Amino acid sequence: MTTSFNYSEQPRRLLLVEPDRTLWSILAGGLRGLAHIEPVADFQTARSRVWRASLFKTPFDLLVTNIQLGAYNGLQLVYLVAATGLPTCSLVYTDRLDAASGEEVQRAGAFYEVRERLPYALPAYLLGQLPTVDRRRVTIPERRARPRGGRRRSDEPKGEPPSFAGI
């Protein structure tokens, strides 16, 4: 069974609001071919892009914003997208895991991530079927990040053990 990708399908649109241009290039490299990224550095430019998308009825598939945007914050953009009625999923990220910020982001109707996971998580957000709300508990770290002890069944050698009869 083979899986094929339909190249005639329009790439997804992603609005990335991040003041750090280095992160732009990291994310753009990881999403090459999956999405058309529109990076903006400040709240005012992002606000005008959201209003333009609302005016022309061309919603973004995903809004990705840093929670810290100078005098404004990323949650204000999430509320703005919700007010326009656009069918856009929102993702707000922070530099460090903070339970209070995570819960506030989830109450606003957005998904919450930590910046270090963002390059790995974004393809999953773009390609996956997302639930309507983020129900993950912010205070519990992911299972995959926990250290694994012991041996796994896949680590065991296959076949017969070597014979030491000739020694």
# chains A, B, ... in the order shown; residues from 1 in each chain; ligands from 1
>>> residues_around(residues="A:Leu122", least_positions_apart="3", cutoff="10 Å", atoms="only C-alpha atoms", output="JSON list (two decimals) with C-alpha atoms, in the first residue's frame")
[["chain", "number", "residue", "atom", "x", "y", "z"],
["A", 27, "LEU", "CA", 10.59, 27.15, 10.30],
["A", 30, "GLY", "CA", 11.11, 22.67, 7.87],
["A", 31, "LEU", "CA", 7.86, 23.54, 6.11],
["A", 62, "LEU", "CA", -2.85, 28.35, 10.74],
["A", 64, "VAL", "CA", 1.39, 30.83, 14.65],
["A", 91, "LEU", "CA", -1.07, 28.25, 17.82],
["A", 113, "GLU", "CA", 3.50, 24.93, 22.41],
["A", 117, "ARG", "CA", 9.30, 22.04, 19.98],
["A", 118, "LEU", "CA", 7.92, 24.35, 17.31],
["A", 119, "PRO", "CA", 10.04, 23.19, 14.31],
["A", 125, "TYR", "CA", -0.32, 20.87, 13.04],
["A", 126, "LEU", "CA", -0.48, 21.54, 9.29],
["A", 127, "LEU", "CA", -1.03, 17.96, 8.13],
["A", 128, "GLY", "CA", -3.08, 16.50, 10.97]]
>>> residues_around(residues="A:Trp24", least_positions_apart="3", cutoff="12 Å", atoms="only C-alpha atoms", output="PyMOL selection string")
chain A and resi 14-21+27-32+37-41+64-66+118-119
>>> residues_around(residues="A:Cys89", least_positions_apart="3", cutoff="10 Å", atoms="only C-alpha atoms", output="list in words")
Leu14, Pro59, Phe60, Asp61, Leu62, Leu63, Val64, Val78, Val81, Ala82, Leu86, Gly109, Ala110, Phe111, Tyr125, Leu126, Leu130, Pro131, Thr132 and Val133 of chain A
>>> write_last_selection(atoms="C-alpha atoms", output="PDB file, in the first residue's frame")
ATOM      1  CA  LEU A  14       0.484  30.030   7.518  1.00  0.00           C
ATOM      2  CA  PRO A  59      -8.369  32.723   5.644  1.00  0.00           C
ATOM      3  CA  PHE A  60      -5.061  31.408   6.836  1.00  0.00           C
ATOM      4  CA  ASP A  61      -4.991  27.718   7.676  1.00  0.00           C
ATOM      5  CA  LEU A  62      -2.852  28.350  10.740  1.00  0.00           C
ATOM      6  CA  LEU A  63      -1.882  31.394  12.782  1.00  0.00           C
ATOM      7  CA  VAL A  64       1.394  30.830  14.649  1.00  0.00           C
ATOM      8  CA  VAL A  78      -6.117  34.904  18.539  1.00  0.00           C
ATOM      9  CA  VAL A  81      -9.066  35.955  14.351  1.00  0.00           C
ATOM     10  CA  ALA A  82     -12.012  34.633  16.356  1.00  0.00           C
ATOM     11  CA  LEU A  86     -12.296  33.071   9.853  1.00  0.00           C
ATOM     12  CA  GLY A 109      -9.269  28.595  21.868  1.00  0.00           C
ATOM     13  CA  ALA A 110      -5.691  28.206  20.632  1.00  0.00           C
ATOM     14  CA  PHE A 111      -3.094  25.458  20.862  1.00  0.00           C
ATOM     15  CA  TYR A 125      -0.320  20.873  13.036  1.00  0.00           C
ATOM     16  CA  LEU A 126      -0.484  21.539   9.294  1.00  0.00           C
ATOM     17  CA  LEU A 130      -6.821  18.936  14.728  1.00  0.00           C
ATOM     18  CA  PRO A 131      -9.519  18.834  17.377  1.00  0.00           C
ATOM     19  CA  THR A 132     -11.507  21.999  17.886  1.00  0.00           C
ATOM     20  CA  VAL A 133      -9.806  22.733  21.222  1.00  0.00           C
TER      21      VAL A 133
END
>>> closest_residue(among="A:Ser25, A:Leu69, A:Val50, A:Ala35", to="A:Thr84", atoms="only C-alpha atoms")
A:Val50
